[in-house]
Structure formats: C-alpha cells, structure tokens
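First the structure, in the form of structure tokens, and then the observations on it.
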Amino acid sequence: MTVPAPGLPARVRIHEVGARDGLQNEKSAVPTEVKAEFVRRLAGAGLTTIEATSFVHPKWVPQLADAEQLFPLLADVDAALPVLVPNERGLDRALALGATRIAVFGSATETFASRNLNRTVAESLAMFEPVVARAREGGAHVRGYLSMCFGDPWEGAVPVHQVVSVAKALLDLGCDELSLGDTIGVATPGHVQALLSALNEAGVTTDRIGVHFHDTYGQALSNTLAALQHGVTTVDASAGGLGGCPYAKSATGNLATEDLVWMLDGLGIETGVDLAALTATSVWMAEQLGRPSPSRTVRALSHKE
C-alpha cells in the first residue's frame, strides 16, 4: 500500500554498490562472468548507477583483481558504472578502459586513514588531488567517499566539525558529489540530521550529498529516512545486503537495496527499480555465493514464492 509522507523527495537515485563493496569481502573468488552477469541483472532491474569494481592493487583486495577483465564485459550495460581508484596508477588503469565515473575513498579519522590508506588524512587528500584533477580534465564524474563519518572503532564518536572539515576538503579538490559513510553502523537519525545541517551551514549543498549506511545496529533505514527528510536524494545500497568493510571488523552488511526499495515504494518515492526483478537477482547471487541473502525483504518475498 502506497502512503506518501510529507516533506520527502519525489525521486531517489540508488547508487548500487553490491558488485564492488558487496563482493570485495568474499573469501572465495567469484568468477568474472558471474560478476558481469550480476551487473547486467542489476541494470535489468532498473538500477541506473552500479558501482562495477575497484582498480586497487590485487594484494589489498584480491576479489577485485579481475577489474581489467571485468570492465570490458560491461560495455553493453545501460547504466552508469562508477569504479573506485585509490591513486593515479588506479586512475590510469580505469581511464585506459574507458571509465567515465571515478570514485576516491577517504577517511574522516586519522586511525582509519592510517589503517586503510597507510597515510594521514592530509596525506590521503594530497594523494587524491592529482587523481581528481586528472579525472575531471578527462571529462569523468568524480565521487568522493568519506568513511567513518559517525563513529570509528578506534577513536569512538567522530565530532561533526571534523567530518565537515574533511568533507569540504574533498569537495574543494573537485569531487562532484560526496558519499557520507557510516562505516561501522553507529549513526542514529538525530546525528544524521545534525551532520547534514552542519554541512549545509559550511556551504555544502544537499544536492551534492549521498548517504551510505550500514545496518550494524538496525538503524540503516531510519537513518536513510532522516536523510530523505533533510532533502538527500542519493542513497547507496547493496543488492541482497552484501558487503561490509575489510578494514573495519565491526562493520556488518550494507543497507540492502531491496529493503530500501520496499520503503521507498511504500512512500510513493520513484526509483525506477523493479523490486521483483531485483529480488530475483539477489536470490540468484545468493545461490552463486552458496548462502541465503541477509536482506529481510529478499527473504520475505522469496519465501512467499
């Protein structure tokens, strides 16, 4: 039953991360053709932005070592296909294959920057500067991920002003949009709205902000609703609830795309996503991985069938 609520956007763009963030933690290698078919099925379900892979060194993320083999297989996919690049070498590899949407991955905290990038926050921003500049010069769209925006497993709660400072620095480098990551899933709705308000007060407009919530404490959907109430229209999610973060052991799965679409459909918010087709895709992917999907909506809908 569709029952709209006041003060919410008419349409939301889902930034699907299942094929990259969702699969990168898998211990067993997922065949390249399976990854390609996953992306094709996600596009067939109506998702228009599907993060395809990451051009990182295979030592750091072995599951994505096939980026060069995978990306050309997606040439016929009718969707935007962002790819994550950690540095200029990764950018070179991505651009050589025709990538037009690039993402860099920064941290709001020093400890996570050290553990994830082996650099300070300032050093990581300096590393991203030529990456963003060259990508923009080549006509690519650039997204800046900012992790640990609400809490850090080593540093605890992250001050709002600290997040705003690094967020502005990423945008000042030339990023087109910013994804705020609740990497360990500790955010609550008031905290979400406080950060969004602080970003607005610092001159960051809401149309440049996306949100990326993890469901560690069951708060991902409530935090998403808080962001929508603030005017955010870009939400990251992972088909079937796949994924976490390899460098933050307390991080559990991403917000499941099906759970998000169920809520948005009920609110009358357009996404362009066919929930039945998306659910079938996640059931298929769960079969490839040999375990059931953690998404409650996938379980509910597939159980009905």
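In the structure tokens, the first chain shown is A, the next is B, and so on; residue numbers restart at 1 for each chain, and ligands run from 1 in the order shown.
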
Pick out the residues sitting within 9 Å of Asp78 of chain A, and hand them over as a PyMOL selection string; count only C-alpha atoms, and ignore anything fewer than 4 positions along from it in its own chain.
chain A and resi 40+43-44+48+74

May I have the selected residues written with all heavy atoms, as an mmCIF file, in the first residue's frame?
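Okay, out_24.cif is ready:
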```cif
data_model
loop_
_atom_site.group_PDB
_atom_site.id
_atom_site.type_symbol
_atom_site.label_atom_id
_atom_site.label_comp_id
_atom_site.auth_asym_id
_atom_site.auth_seq_id
_atom_site.Cartn_x
_atom_site.Cartn_y
_atom_site.Cartn_z
ATOM 1 N N ARG A 40 24.690 -7.006 -15.046
ATOM 2 C CA ARG A 40 23.662 -6.974 -16.091
ATOM 3 C C ARG A 40 22.273 -7.142 -15.497
ATOM 4 O O ARG A 40 21.324 -6.461 -15.897
ATOM 5 C CB ARG A 40 23.924 -8.090 -17.115
ATOM 6 C CG ARG A 40 25.178 -7.893 -17.956
ATOM 7 C CD ARG A 40 25.252 -8.937 -19.065
ATOM 8 N NE ARG A 40 26.632 -9.057 -19.547
ATOM 9 C CZ ARG A 40 27.434 -10.089 -19.297
ATOM 10 N NH1 ARG A 40 27.010 -11.108 -18.568
ATOM 11 N NH2 ARG A 40 28.674 -10.097 -19.776
ATOM 12 N N ALA A 43 21.183 -3.968 -13.690
ATOM 13 C CA ALA A 43 20.735 -2.971 -14.667
ATOM 14 C C ALA A 43 19.366 -3.337 -15.219
ATOM 15 O O ALA A 43 18.490 -2.473 -15.392
ATOM 16 C CB ALA A 43 21.757 -2.843 -15.791
ATOM 17 N N GLY A 44 19.151 -4.615 -15.453
ATOM 18 C CA GLY A 44 17.857 -5.076 -15.953
ATOM 19 C C GLY A 44 16.726 -4.837 -14.972
ATOM 20 O O GLY A 44 15.560 -4.707 -15.371
ATOM 21 N N THR A 48 20.247 2.410 -12.210
ATOM 22 C CA THR A 48 20.897 3.238 -13.230
ATOM 23 C C THR A 48 22.330 3.623 -12.877
ATOM 24 O O THR A 48 23.058 4.130 -13.719
ATOM 25 C CB THR A 48 20.096 4.523 -13.464
ATOM 26 O OG1 THR A 48 19.971 5.228 -12.221
ATOM 27 C CG2 THR A 48 18.704 4.209 -14.006
ATOM 28 N N LEU A 74 31.282 -5.237 -19.579
ATOM 29 C CA LEU A 74 30.103 -4.442 -19.226
ATOM 30 C C LEU A 74 29.807 -3.330 -20.223
ATOM 31 O O LEU A 74 28.976 -2.472 -19.975
ATOM 32 C CB LEU A 74 30.312 -3.827 -17.833
ATOM 33 C CG LEU A 74 30.688 -4.805 -16.716
ATOM 34 C CD1 LEU A 74 30.936 -4.062 -15.418
ATOM 35 C CD2 LEU A 74 29.599 -5.865 -16.545
#
```

Tell me, as a PDB file with N, CA, C and O atoms, in the first residue's frame, which residues lie within 10 Å of Ala280 of chain A, counting only C-alpha atoms; anything in the same chain fewer than 2 positions away does not count.
```pdb
ATOM      1  N   ARG A  41      22.132  -8.050 -14.553  1.00  0.00           N
ATOM      2  CA  ARG A  41      20.819  -8.277 -13.936  1.00  0.00           C
ATOM      3  C   ARG A  41      20.395  -7.078 -13.091  1.00  0.00           C
ATOM      4  O   ARG A  41      19.207  -6.734 -13.048  1.00  0.00           O
ATOM      5  N   LEU A  42      21.344  -6.448 -12.415  1.00  0.00           N
ATOM      6  CA  LEU A  42      21.016  -5.251 -11.638  1.00  0.00           C
ATOM      7  C   LEU A  42      20.511  -4.143 -12.565  1.00  0.00           C
ATOM      8  O   LEU A  42      19.522  -3.455 -12.261  1.00  0.00           O
ATOM      9  N   ALA A  45      17.064  -4.768 -13.688  1.00  0.00           N
ATOM     10  CA  ALA A  45      16.056  -4.490 -12.654  1.00  0.00           C
ATOM     11  C   ALA A  45      15.760  -2.999 -12.530  1.00  0.00           C
ATOM     12  O   ALA A  45      14.891  -2.604 -11.738  1.00  0.00           O
ATOM     13  N   GLY A 240      20.813  -7.367  -1.984  1.00  0.00           N
ATOM     14  CA  GLY A 240      20.873  -8.505  -1.080  1.00  0.00           C
ATOM     15  C   GLY A 240      21.533  -8.224   0.250  1.00  0.00           C
ATOM     16  O   GLY A 240      21.687  -9.121   1.072  1.00  0.00           O
ATOM     17  N   LEU A 275      11.171  -4.168  -8.040  1.00  0.00           N
ATOM     18  CA  LEU A 275      11.549  -4.897  -6.829  1.00  0.00           C
ATOM     19  C   LEU A 275      11.561  -6.405  -7.049  1.00  0.00           C
ATOM     20  O   LEU A 275      12.434  -7.110  -6.532  1.00  0.00           O
ATOM     21  N   ALA A 276      10.618  -6.917  -7.822  1.00  0.00           N
ATOM     22  CA  ALA A 276      10.582  -8.367  -8.069  1.00  0.00           C
ATOM     23  C   ALA A 276      11.821  -8.815  -8.842  1.00  0.00           C
ATOM     24  O   ALA A 276      12.442  -9.839  -8.505  1.00  0.00           O
ATOM     25  N   ALA A 277      12.208  -8.040  -9.852  1.00  0.00           N
ATOM     26  CA  ALA A 277      13.397  -8.395 -10.631  1.00  0.00           C
ATOM     27  C   ALA A 277      14.662  -8.275  -9.788  1.00  0.00           C
ATOM     28  O   ALA A 277      15.583  -9.086  -9.901  1.00  0.00           O
ATOM     29  N   LEU A 278      14.712  -7.256  -8.935  1.00  0.00           N
ATOM     30  CA  LEU A 278      15.876  -7.080  -8.065  1.00  0.00           C
ATOM     31  C   LEU A 278      15.981  -8.223  -7.063  1.00  0.00           C
ATOM     32  O   LEU A 278      17.067  -8.767  -6.826  1.00  0.00           O
ATOM     33  N   SER A 282      19.035 -10.978  -6.479  1.00  0.00           N
ATOM     34  CA  SER A 282      19.739 -11.265  -5.228  1.00  0.00           C
ATOM     35  C   SER A 282      19.610 -12.729  -4.827  1.00  0.00           C
ATOM     36  O   SER A 282      20.542 -13.303  -4.256  1.00  0.00           O
ATOM     37  N   VAL A 283      18.466 -13.340  -5.121  1.00  0.00           N
ATOM     38  CA  VAL A 283      18.318 -14.780  -4.868  1.00  0.00           C
ATOM     39  C   VAL A 283      19.316 -15.545  -5.730  1.00  0.00           C
ATOM     40  O   VAL A 283      19.991 -16.475  -5.260  1.00  0.00           O
ATOM     41  N   TRP A 284      19.430 -15.157  -7.010  1.00  0.00           N
ATOM     42  CA  TRP A 284      20.401 -15.789  -7.914  1.00  0.00           C
ATOM     43  C   TRP A 284      21.827 -15.610  -7.406  1.00  0.00           C
ATOM     44  O   TRP A 284      22.610 -16.561  -7.376  1.00  0.00           O
ATOM     45  N   MET A 285      22.176 -14.398  -6.968  1.00  0.00           N
ATOM     46  CA  MET A 285      23.532 -14.144  -6.487  1.00  0.00           C
ATOM     47  C   MET A 285      23.809 -14.925  -5.208  1.00  0.00           C
ATOM     48  O   MET A 285      24.924 -15.438  -5.009  1.00  0.00           O
ATOM     49  N   ALA A 286      22.820 -15.040  -4.346  1.00  0.00           N
ATOM     50  CA  ALA A 286      22.991 -15.825  -3.119  1.00  0.00           C
ATOM     51  C   ALA A 286      23.288 -17.284  -3.454  1.00  0.00           C
ATOM     52  O   ALA A 286      24.094 -17.939  -2.787  1.00  0.00           O
ATOM     53  N   VAL A 298      14.289  -9.580   0.729  1.00  0.00           N
ATOM     54  CA  VAL A 298      14.545 -10.729  -0.157  1.00  0.00           C
ATOM     55  C   VAL A 298      14.010 -11.992   0.467  1.00  0.00           C
ATOM     56  O   VAL A 298      13.338 -12.804  -0.200  1.00  0.00           O
ATOM     57  N   LEU A 301      10.021 -11.900   0.400  1.00  0.00           N
ATOM     58  CA  LEU A 301       9.424 -12.044  -0.928  1.00  0.00           C
ATOM     59  C   LEU A 301       9.728 -13.397  -1.539  1.00  0.00           C
ATOM     60  O   LEU A 301       8.870 -13.999  -2.200  1.00  0.00           O
ATOM     61  N   SER A 302      10.937 -13.912  -1.355  1.00  0.00           N
ATOM     62  CA  SER A 302      11.273 -15.205  -1.940  1.00  0.00           C
ATOM     63  C   SER A 302      10.581 -16.332  -1.184  1.00  0.00           C
ATOM     64  O   SER A 302      10.221 -17.368  -1.762  1.00  0.00           O
TER      65      SER A 302
END
```

Might you pull out every residue within 8 Å of segment 95-104 of chain A, with only C-alpha atoms counted and same-chain residues fewer than 3 positions away left off, and present them as a list in words?
Glu68, Phe71, Pro72, Ala80, Leu81, Pro82, Val83, Leu84, Val85, Pro86, Leu91, Asp92, Phe128, Ala135, Gly139, Ala140, His141, Val142, Arg143, Gly144 and Tyr145 of chain A

Run DSSP on the backbone and grab whatever in segment 44-225 of chain A lands in alpha helix (DSSP H); send it over as a PyMOL selection string.
chain A and resi 44+67-73+88-96+110-117+121-137+160-173+189-201+220-225

Could you give me, as a PyMOL selection string, the residues within 10 Å of Gly181 of chain A, counting only C-alpha atoms and dropping anything in the same chain fewer than 4 positions from it?
chain A and resi 106-108+145-151+185+187+210-214+236

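Near Arg20 of chain A, within 10 Å and counting only C-alpha atoms, sit A:Glu16, A:Gln24, A:Asn25, A:Lys35, A:Val39, A:Ile50, A:Glu51, A:Ala52, A:Thr53, A:Ser54, A:Gln63, A:Leu64, A:Pro82, A:Val83, A:Leu84, A:Ser238, A:Leu242, A:Gly243; same-chain residues fewer than 4 positions away were not included.
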
Would you mind exporting the chosen residues as a PDB file, in the first residue's frame, restricted to N, CA, C and O atoms?
```
ATOM      1  N   GLU A  16      23.992   1.787  -6.485  1.00  0.00           N
ATOM      2  CA  GLU A  16      24.127   0.367  -6.157  1.00  0.00           C
ATOM      3  C   GLU A  16      25.600  -0.013  -6.020  1.00  0.00           C
ATOM      4  O   GLU A  16      26.403   0.198  -6.932  1.00  0.00           O
ATOM      5  N   GLN A  24      33.600  -7.419  -2.394  1.00  0.00           N
ATOM      6  CA  GLN A  24      35.036  -7.322  -2.150  1.00  0.00           C
ATOM      7  C   GLN A  24      35.505  -8.125  -0.947  1.00  0.00           C
ATOM      8  O   GLN A  24      36.674  -8.497  -0.861  1.00  0.00           O
ATOM      9  N   ASN A  25      34.599  -8.438  -0.022  1.00  0.00           N
ATOM     10  CA  ASN A  25      34.988  -9.194   1.170  1.00  0.00           C
ATOM     11  C   ASN A  25      34.882 -10.704   1.004  1.00  0.00           C
ATOM     12  O   ASN A  25      35.281 -11.453   1.909  1.00  0.00           O
ATOM     13  N   LYS A  35      30.257 -12.013 -11.933  1.00  0.00           N
ATOM     14  CA  LYS A  35      30.192 -10.591 -11.587  1.00  0.00           C
ATOM     15  C   LYS A  35      29.540  -9.795 -12.714  1.00  0.00           C
ATOM     16  O   LYS A  35      28.696  -8.920 -12.473  1.00  0.00           O
ATOM     17  N   VAL A  39      25.971  -7.587 -12.601  1.00  0.00           N
ATOM     18  CA  VAL A  39      25.787  -6.196 -13.019  1.00  0.00           C
ATOM     19  C   VAL A  39      24.687  -6.090 -14.076  1.00  0.00           C
ATOM     20  O   VAL A  39      23.833  -5.198 -14.018  1.00  0.00           O
ATOM     21  N   ILE A  50      25.543   1.688 -11.035  1.00  0.00           N
ATOM     22  CA  ILE A  50      26.002   0.414 -10.474  1.00  0.00           C
ATOM     23  C   ILE A  50      27.518   0.453 -10.383  1.00  0.00           C
ATOM     24  O   ILE A  50      28.207   0.446 -11.402  1.00  0.00           O
ATOM     25  N   GLU A  51      28.035   0.500  -9.164  1.00  0.00           N
ATOM     26  CA  GLU A  51      29.490   0.539  -8.986  1.00  0.00           C
ATOM     27  C   GLU A  51      30.061  -0.811  -9.396  1.00  0.00           C
ATOM     28  O   GLU A  51      29.701  -1.840  -8.828  1.00  0.00           O
ATOM     29  N   ALA A  52      30.940  -0.790 -10.397  1.00  0.00           N
ATOM     30  CA  ALA A  52      31.316  -2.038 -11.057  1.00  0.00           C
ATOM     31  C   ALA A  52      32.463  -2.782 -10.398  1.00  0.00           C
ATOM     32  O   ALA A  52      32.428  -4.004 -10.242  1.00  0.00           O
ATOM     33  N   THR A  53      33.524  -2.053 -10.020  1.00  0.00           N
ATOM     34  CA  THR A  53      34.714  -2.719  -9.485  1.00  0.00           C
ATOM     35  C   THR A  53      35.638  -1.660  -8.904  1.00  0.00           C
ATOM     36  O   THR A  53      35.277  -0.488  -8.799  1.00  0.00           O
ATOM     37  N   SER A  54      36.835  -2.098  -8.540  1.00  0.00           N
ATOM     38  CA  SER A  54      37.819  -1.188  -7.971  1.00  0.00           C
ATOM     39  C   SER A  54      39.186  -1.500  -8.566  1.00  0.00           C
ATOM     40  O   SER A  54      39.585  -2.664  -8.618  1.00  0.00           O
ATOM     41  N   GLN A  63      39.688 -10.063  -4.346  1.00  0.00           N
ATOM     42  CA  GLN A  63      38.434 -10.359  -5.043  1.00  0.00           C
ATOM     43  C   GLN A  63      38.248  -9.484  -6.287  1.00  0.00           C
ATOM     44  O   GLN A  63      37.589  -9.886  -7.241  1.00  0.00           O
ATOM     45  N   LEU A  64      38.843  -8.299  -6.297  1.00  0.00           N
ATOM     46  CA  LEU A  64      38.659  -7.373  -7.409  1.00  0.00           C
ATOM     47  C   LEU A  64      39.889  -7.320  -8.326  1.00  0.00           C
ATOM     48  O   LEU A  64      40.060  -6.359  -9.086  1.00  0.00           O
ATOM     49  N   PRO A  82      30.354   3.471 -12.141  1.00  0.00           N
ATOM     50  CA  PRO A  82      31.497   4.046 -11.423  1.00  0.00           C
ATOM     51  C   PRO A  82      32.486   2.970 -11.012  1.00  0.00           C
ATOM     52  O   PRO A  82      32.108   1.813 -10.781  1.00  0.00           O
ATOM     53  N   VAL A  83      33.758   3.364 -10.891  1.00  0.00           N
ATOM     54  CA  VAL A  83      34.799   2.461 -10.391  1.00  0.00           C
ATOM     55  C   VAL A  83      35.620   3.199  -9.345  1.00  0.00           C
ATOM     56  O   VAL A  83      35.823   4.410  -9.440  1.00  0.00           O
ATOM     57  N   LEU A  84      36.068   2.461  -8.341  1.00  0.00           N
ATOM     58  CA  LEU A  84      36.883   3.045  -7.280  1.00  0.00           C
ATOM     59  C   LEU A  84      38.351   3.020  -7.693  1.00  0.00           C
ATOM     60  O   LEU A  84      38.834   2.011  -8.207  1.00  0.00           O
ATOM     61  N   SER A 238      23.237  -1.960  -1.266  1.00  0.00           N
ATOM     62  CA  SER A 238      23.868  -3.147  -1.839  1.00  0.00           C
ATOM     63  C   SER A 238      22.827  -4.242  -2.020  1.00  0.00           C
ATOM     64  O   SER A 238      22.149  -4.629  -1.063  1.00  0.00           O
ATOM     65  N   LEU A 242      24.661  -7.396   0.641  1.00  0.00           N
ATOM     66  CA  LEU A 242      26.029  -7.913   0.610  1.00  0.00           C
ATOM     67  C   LEU A 242      27.017  -6.861   1.098  1.00  0.00           C
ATOM     68  O   LEU A 242      26.845  -5.680   0.867  1.00  0.00           O
ATOM     69  N   GLY A 243      28.099  -7.333   1.746  1.00  0.00           N
ATOM     70  CA  GLY A 243      29.251  -6.465   1.968  1.00  0.00           C
ATOM     71  C   GLY A 243      29.409  -5.919   3.357  1.00  0.00           C
ATOM     72  O   GLY A 243      28.553  -6.047   4.221  1.00  0.00           O
TER      73      GLY A 243
END
```

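Atom CA of Val30 of chain A is positioned 8.2 Å from atom CA of Gln288 of chain A.
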
Would you please extract all strand (DSSP E) residues from segment 3-199 of chain A, as assigned by DSSP on the backbone, and give them as a ChimeraX atom specification?
/A:13-16,49-50,53-54,83-84,101-107,141-147,151-152,156-157,177-182

Would you mind telling me which residue in A:Arg291, A:Arg136, A:His303, A:His230 lies nearest to Pro9 of chain A when using only C-alpha atoms?
A:His230

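Proximity ranking of A:Glu258, A:Glu33, A:Asp265, A:Asp152 relative to Ala113 of chain A places A:Asp152 first, based on only C-alpha atoms.
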
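Taking only C-alpha atoms into account, Pro6 of chain A lies nearest to A:Leu225 out of the set A:Val77, A:Trp262, A:Leu289, A:Leu225.
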